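Note: the block below is coords08.csv and it holds CSV, C-alpha atoms.
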```
chain,number,residue,atom,x,y,z
A,1,MET,CA,135.0,152.4,81.9
A,2,THR,CA,132.9,154.6,79.7
A,3,LYS,CA,129.2,155.0,80.2
A,4,SER,CA,128.7,155.7,76.5
A,5,PRO,CA,126.3,153.4,74.6
A,6,LEU,CA,128.4,153.8,71.4
A,7,ILE,CA,130.6,150.9,70.0
A,8,VAL,CA,132.7,151.7,67.0
A,9,ALA,CA,133.2,148.7,64.6
A,10,LEU,CA,136.8,148.3,63.5
A,11,ASP,CA,135.9,146.6,60.3
A,12,PHE,CA,139.4,147.0,58.7
A,13,GLU,CA,141.5,144.7,56.6
A,14,ASP,CA,144.6,146.8,57.2
A,15,VAL,CA,145.9,147.1,60.8
A,16,ASN,CA,147.6,150.4,60.1
A,17,ALA,CA,144.3,151.9,59.0
A,18,ALA,CA,142.7,150.5,62.2
A,19,LYS,CA,145.4,152.0,64.3
A,20,THR,CA,145.0,155.4,62.6
A,21,LEU,CA,141.3,155.4,63.5
A,22,ILE,CA,141.9,154.2,67.1
A,23,ASN,CA,144.3,157.0,67.8
A,24,GLN,CA,141.7,159.6,66.6
A,25,LEU,CA,138.9,158.4,68.9
A,26,ASN,CA,138.2,159.3,72.5
A,27,PRO,CA,137.7,156.3,74.9
A,28,LYS,CA,135.3,158.4,77.0
A,29,TYR,CA,132.9,158.4,74.1
A,30,CYS,CA,132.9,154.8,72.8
A,31,ARG,CA,134.1,151.2,73.1
A,32,LEU,CA,135.6,149.4,70.1
A,33,LYS,CA,134.5,146.2,68.4
A,34,ILE,CA,136.9,143.8,66.8
A,35,GLY,CA,135.5,141.4,64.3
A,36,LYS,CA,136.6,138.3,62.5
A,37,GLY,CA,138.7,140.1,59.8
A,38,LEU,CA,140.9,142.1,62.1
A,39,PHE,CA,141.3,139.4,64.7
A,40,THR,CA,142.1,136.7,62.2
A,41,GLN,CA,144.9,138.9,60.8
A,42,GLU,CA,146.3,140.3,64.1
A,43,GLY,CA,145.1,138.0,66.9
A,44,PRO,CA,145.4,139.1,70.6
A,45,TYR,CA,147.9,141.8,69.7
A,46,ILE,CA,145.2,144.2,68.4
A,47,ILE,CA,143.2,143.7,71.6
A,48,ASP,CA,146.3,144.6,73.7
A,49,TYR,CA,146.9,147.6,71.5
A,50,ILE,CA,143.4,148.9,72.0
A,51,GLN,CA,143.3,148.2,75.7
A,52,GLN,CA,146.6,150.1,76.2
A,53,ARG,CA,144.7,153.2,74.9
A,54,ASP,CA,142.0,152.8,77.5
A,55,PHE,CA,139.3,151.4,75.3
A,56,GLU,CA,137.1,148.5,76.3
A,57,VAL,CA,136.8,145.8,73.7
A,58,PHE,CA,133.8,143.9,72.3
A,59,LEU,CA,135.3,140.8,70.7
A,60,ASP,CA,132.7,140.0,68.0
A,61,LEU,CA,133.7,136.5,66.8
A,62,LYS,CA,130.1,135.1,67.0
A,63,PHE,CA,131.2,131.6,68.2
A,64,HIS,CA,129.0,128.9,66.8
A,65,ASP,CA,130.1,125.3,67.3
A,66,ILE,CA,129.6,122.2,69.5
A,67,PRO,CA,129.3,123.2,73.2
A,68,THR,CA,132.7,122.0,74.3
A,69,THR,CA,134.5,123.9,71.5
A,70,VAL,CA,132.6,127.1,72.2
A,71,ALA,CA,133.3,126.8,76.0
A,72,HIS,CA,137.0,126.6,75.3
A,73,ALA,CA,136.8,129.6,72.9
A,74,ILE,CA,134.9,131.7,75.5
A,75,LYS,CA,137.5,130.9,78.2
A,76,SER,CA,140.3,132.0,75.9
A,77,ALA,CA,138.4,135.2,75.1
A,78,ALA,CA,137.9,135.9,78.8
A,79,LYS,CA,141.7,135.6,79.4
A,80,LEU,CA,142.2,138.4,77.0
A,81,GLY,CA,140.4,140.8,79.3
A,82,VAL,CA,137.7,141.8,76.8
A,83,TRP,CA,134.6,143.6,77.9
A,84,MET,CA,132.1,141.7,75.8
A,85,VAL,CA,132.0,138.5,73.7
A,86,ASN,CA,129.3,136.8,71.7
A,87,VAL,CA,128.0,133.5,70.4
A,88,HIS,CA,125.2,132.6,68.0
A,89,ALA,CA,121.9,131.9,69.6
A,90,SER,CA,121.1,129.4,66.9
A,91,GLY,CA,123.7,127.1,68.4
A,92,GLY,CA,121.0,126.1,70.9
A,93,GLU,CA,120.6,125.8,74.6
A,94,LYS,CA,123.4,123.4,75.3
A,95,MET,CA,125.9,125.6,73.5
A,96,LEU,CA,124.6,128.7,75.2
A,97,SER,CA,124.8,127.1,78.6
A,98,ALA,CA,128.3,125.8,78.0
A,99,ALA,CA,129.4,129.3,77.0
A,100,LYS,CA,127.9,130.7,80.2
A,101,ASN,CA,129.3,128.0,82.4
A,102,ALA,CA,132.8,128.6,80.9
A,103,LEU,CA,132.8,132.0,82.6
A,104,GLU,CA,131.9,130.9,86.1
A,105,GLN,CA,135.5,130.6,87.3
A,106,CYS,CA,136.6,133.9,85.8
A,107,LEU,CA,137.4,136.7,88.2
A,108,ASN,CA,136.2,139.5,85.9
A,109,PRO,CA,134.1,137.7,83.2
A,110,PRO,CA,133.1,139.6,80.1
A,111,LYS,CA,129.5,140.2,79.2
A,112,LEU,CA,128.2,137.3,77.2
A,113,ILE,CA,125.6,138.0,74.5
A,114,ALA,CA,123.9,135.9,71.8
A,115,VAL,CA,123.5,136.9,68.2
A,116,THR,CA,119.9,136.5,67.1
A,117,ILE,CA,119.1,137.2,63.4
A,118,LEU,CA,121.8,139.1,61.6
A,119,THR,CA,120.8,142.7,60.7
A,120,SER,CA,121.9,142.0,57.1
A,121,LEU,CA,119.0,139.5,56.7
A,122,ALA,CA,115.5,140.5,55.5
A,123,GLU,CA,112.4,138.3,56.0
A,124,ALA,CA,112.9,136.5,52.6
A,125,ASP,CA,116.5,135.7,53.6
A,126,VAL,CA,115.5,134.2,56.9
A,127,HIS,CA,112.9,132.0,55.2
A,128,ALA,CA,115.4,130.9,52.5
A,129,VAL,CA,117.7,129.4,55.2
A,130,GLY,CA,114.8,127.4,56.7
A,131,PHE,CA,113.6,129.5,59.7
A,132,GLN,CA,109.9,129.5,60.2
A,133,GLY,CA,107.9,132.6,61.3
A,134,ASN,CA,108.6,136.3,61.2
A,135,ILE,CA,111.8,138.0,62.3
A,136,PRO,CA,110.5,139.7,65.5
A,137,ASP,CA,109.0,136.4,66.8
A,138,LEU,CA,112.2,134.5,66.0
A,139,ILE,CA,114.3,137.1,67.8
A,140,ARG,CA,112.0,137.1,70.8
A,141,ASN,CA,112.3,133.3,71.1
A,142,MET,CA,116.1,133.5,70.8
A,143,ALA,CA,116.3,136.2,73.4
A,144,LYS,CA,114.2,134.3,75.9
A,145,MET,CA,116.3,131.2,75.3
A,146,ALA,CA,119.5,133.2,75.9
A,147,GLN,CA,118.1,134.7,79.1
A,148,LYS,CA,117.1,131.2,80.3
A,149,CYS,CA,120.7,130.1,79.8
A,150,GLY,CA,122.0,133.0,81.9
A,151,LEU,CA,123.4,135.2,79.2
A,152,ASP,CA,123.5,139.0,79.6
A,153,GLY,CA,121.7,140.0,76.5
A,154,VAL,CA,121.5,139.7,72.7
A,155,VAL,CA,122.6,141.2,69.5
A,156,CYS,CA,119.5,142.4,67.5
A,157,SER,CA,118.4,145.2,65.3
A,158,ALA,CA,117.1,148.3,67.2
A,159,GLN,CA,113.7,147.5,65.6
A,160,GLU,CA,113.4,144.5,68.0
A,161,ALA,CA,114.9,146.1,71.1
A,162,ALA,CA,111.6,147.2,72.6
A,163,LEU,CA,110.1,143.7,72.2
A,164,ILE,CA,113.1,142.2,74.0
A,165,LYS,CA,112.8,144.6,76.9
A,166,ALA,CA,109.1,143.8,77.2
A,167,ASP,CA,109.8,140.0,77.2
A,168,CYS,CA,113.1,139.9,79.2
A,169,GLY,CA,113.1,143.0,81.4
A,170,ALA,CA,115.2,146.1,81.6
A,171,ASP,CA,118.4,144.4,82.7
A,172,PHE,CA,118.6,142.2,79.7
A,173,ILE,CA,120.8,144.2,77.3
A,174,SER,CA,120.3,144.8,73.5
A,175,VAL,CA,123.4,145.4,71.4
A,176,CYS,CA,122.2,146.9,68.1
A,177,PRO,CA,124.1,147.1,64.8
A,178,GLY,CA,122.6,148.7,61.7
A,179,ILE,CA,122.7,152.2,63.3
A,180,ARG,CA,122.8,155.0,60.7
A,181,PRO,CA,123.1,158.6,62.0
A,182,LEU,CA,121.5,161.5,60.2
A,183,ASN,CA,122.4,165.2,60.0
A,184,LEU,CA,126.1,164.8,60.7
A,185,GLN,CA,128.5,167.4,59.4
A,186,ASP,CA,130.5,164.9,57.3
A,187,ALA,CA,128.9,164.0,53.9
A,188,ASP,CA,130.1,160.4,54.1
A,189,ALA,CA,128.3,159.9,57.4
A,190,ARG,CA,125.1,161.7,56.5
A,191,ASP,CA,123.5,159.1,54.2
A,192,CYS,CA,121.2,156.7,56.1
A,193,VAL,CA,122.4,153.8,54.0
A,194,PRO,CA,125.9,154.4,52.5
A,195,ALA,CA,126.9,152.8,49.2
A,196,GLY,CA,127.9,149.2,49.5
A,197,ASP,CA,126.1,148.8,52.9
A,198,ASP,CA,124.8,145.3,53.7
A,199,GLN,CA,122.6,146.3,56.6
A,200,MET,CA,118.8,145.8,56.1
A,201,ARG,CA,117.1,146.6,59.4
A,202,ILE,CA,118.4,150.0,60.4
A,203,MET,CA,117.6,152.9,62.8
A,204,THR,CA,119.1,156.2,63.8
A,205,PRO,CA,120.9,156.5,67.1
A,206,ASP,CA,118.3,158.5,69.0
A,207,GLN,CA,115.5,156.2,67.6
A,208,ALA,CA,117.4,153.1,68.7
A,209,ILE,CA,117.9,154.4,72.3
A,210,LYS,CA,114.2,155.4,72.6
A,211,ASN,CA,113.3,151.9,71.3
A,212,GLY,CA,115.2,150.3,74.2
A,213,ALA,CA,118.7,149.6,72.7
A,214,ASN,CA,121.5,149.7,75.3
A,215,TYR,CA,124.5,149.7,73.0
A,216,LEU,CA,124.8,151.0,69.4
A,217,VAL,CA,127.3,149.5,67.0
A,218,ILE,CA,128.3,152.0,64.4
A,219,GLY,CA,130.8,151.4,61.6
A,220,ARG,CA,131.0,153.2,58.3
A,221,PRO,CA,129.4,156.5,59.4
A,222,ILE,CA,132.4,157.0,61.8
A,223,THR,CA,135.2,154.9,60.2
A,224,GLN,CA,134.6,156.2,56.7
A,225,ALA,CA,133.9,159.8,57.7
A,226,ASN,CA,136.4,162.6,56.6
A,227,ASP,CA,136.8,163.4,60.3
A,228,PRO,CA,136.0,160.2,62.4
A,229,SER,CA,136.7,162.0,65.7
A,230,THR,CA,134.1,164.7,64.9
A,231,ALA,CA,131.6,162.2,63.7
A,232,LEU,CA,131.9,160.2,66.9
A,233,ASP,CA,131.7,163.4,69.1
A,234,ASP,CA,128.6,164.6,67.2
A,235,ILE,CA,126.7,161.3,67.7
A,236,TYR,CA,127.7,161.2,71.4
A,237,MET,CA,126.6,164.8,72.0
A,238,GLN,CA,123.3,164.3,70.1
A,239,LEU,CA,122.5,161.3,72.4
A,240,ALA,CA,123.5,163.3,75.5
A,241,LEU,CA,121.2,166.1,74.5
A,242,ASN,CA,118.2,163.9,73.8
```

Transcribe the structure of this file into structure tokens.
Amino acid sequence: MTKSPLIVALDFEDVNAAKTLINQLNPKYCRLKIGKGLFTQEGPYIIDYIQQRDFEVFLDLKFHDIPTTVAHAIKSAAKLGVWMVNVHASGGEKMLSAAKNALEQCLNPPKLIAVTILTSLAEADVHAVGFQGNIPDLIRNMAKMAQKCGLDGVVCSAQEAALIKADCGADFISVCPGIRPLNLQDADARDCVPAGDDQMRIMTPDQAIKNGANYLVIGRPITQANDPSTALDDIYMQLALN
């Protein structure tokens, strides 16, 4: 088990490209995140492939359905031996509680976290889908609801991590996408917002940690770097020195 706060997002459509990256990375420096695309294509096989290489897996499928359906999905995820799994906070208290209760009989349950407001959404986007209020307040309310239901933490942007720590305490974790490193050796990883990026609420790794983030999800700055191993090592060492 690594103590690193870094989670590398395997956002690949091609499993061979994903395998190439996996075999370049050091499990001492990161965990790996499997999203809907790769899991839909490869299923549990890709989880087993990663675990055989000593990586812990964050299964990022963002379950959001009626409580019974979500409970069944969470049980199935736990049987795969993943380190972390998530659901959408907007599914409500009954769904969140069903997800938590589904893990009660598990010998080694994964961490269970709730997705708050996607980091691809700006304030105008949130209002367009019918949410009332500003993003920080919405996220704080969702985090408190998730904590009430017994979840381990939430997914949020690093901009909201300090607010969540203030409301929910130090033990309630924040998993933060939208992390954009600066001053890396690789030109592809150096831009704060690479071309084609869909993240809106972003922060650098050291800023995110200082703001209370527990885990940092990083995709393109590592996966699209000319040398992904060096990009990962650089970020890890920068955090270790700060």

Write out as an NGL selection string each polymer residue whose atoms come within 8 Å of stretch 21-33 of chain A, counting all atoms listed in the file; drop sequence neighbours fewer than 2 positions from it. :A and (1-10 or 17-19 or 35 or 50 or 53-60 or 223 or 228-229 or 232-233 or 236)

Hey, can you check how far atom CA of A:Ser97 sits from atom CA of A:Leu151? 8.2 Å

Could you write out as JSON the box around stretch 31-35 of chain A (axis-aligned, all atoms listed in the file, 4 Å on each side), with centre and edge lengths in Å to one decimal?
```
{"center_x": 135.5, "center_y": 146.3, "center_z": 68.7, "size_x": 10.8, "size_y": 17.8, "size_z": 16.8}
```

Using all atoms listed in the file, find all polymer residues with an atom at most 10 Å away from the point (116.1, 129.3, 72.1); report them as a JSON list (two decimals) with C-alpha atoms, keeping the file's coordinate frame.
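Result written to part-v1.json:
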```json
[["chain", "number", "residue", "atom", "x", "y", "z"],
["A", 89, "ALA", "CA", 121.90, 131.90, 69.60],
["A", 90, "SER", "CA", 121.10, 129.40, 66.90],
["A", 91, "GLY", "CA", 123.70, 127.10, 68.40],
["A", 92, "GLY", "CA", 121.00, 126.10, 70.90],
["A", 93, "GLU", "CA", 120.60, 125.80, 74.60],
["A", 94, "LYS", "CA", 123.40, 123.40, 75.30],
["A", 96, "LEU", "CA", 124.60, 128.70, 75.20],
["A", 116, "THR", "CA", 119.90, 136.50, 67.10],
["A", 138, "LEU", "CA", 112.20, 134.50, 66.00],
["A", 139, "ILE", "CA", 114.30, 137.10, 67.80],
["A", 140, "ARG", "CA", 112.00, 137.10, 70.80],
["A", 141, "ASN", "CA", 112.30, 133.30, 71.10],
["A", 142, "MET", "CA", 116.10, 133.50, 70.80],
["A", 143, "ALA", "CA", 116.30, 136.20, 73.40],
["A", 144, "LYS", "CA", 114.20, 134.30, 75.90],
["A", 145, "MET", "CA", 116.30, 131.20, 75.30],
["A", 146, "ALA", "CA", 119.50, 133.20, 75.90],
["A", 147, "GLN", "CA", 118.10, 134.70, 79.10],
["A", 148, "LYS", "CA", 117.10, 131.20, 80.30],
["A", 149, "CYS", "CA", 120.70, 130.10, 79.80]]
```

Counting only C-alpha atoms, I want the residues whose atoms come within 12 Å of (143.9, 139.8, 63.4) in the file frame, returned as a list of chain:residue names.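 Here the neighbourhood of the point contains A:Leu10, A:Asp11, A:Phe12, A:Glu13, A:Asp14, A:Val15, A:Asn16, A:Ala18, A:Ile34, A:Gly35, A:Lys36, A:Gly37, A:Leu38, A:Phe39, A:Thr40, A:Gln41, A:Glu42, A:Gly43, A:Pro44, A:Tyr45, A:Ile46, A:Ile47, A:Asp48, A:Tyr49, A:Leu59, A:Leu61.
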
Report the distance between atom CA of A:Val82 and atom CA of A:Asp227 in Å, rounded to one decimal place.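 Atom-to-atom, atom CA of A:Val82 and atom CA of A:Asp227 are spaced 27.2 Å apart.
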
Selection near stretch 160-171 of chain A, 6 Å with only C-alpha atoms, sequence-local residues under 6 positions removed, as a PyMOL selection string: chain A and resi 211-213

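Take the candidates A:Asn214, A:Ser157, A:Gln224, A:Gln51 and check each one against A:Ile173 using all atoms listed in the file; the shortest distance goes to A:Asn214.
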
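Among A:Ile66, A:Ile235, A:Ile179, A:Ala71, the residue with the shortest atom-to-atom distance to A:Glu104, counting only C-alpha atoms, is A:Ala71.
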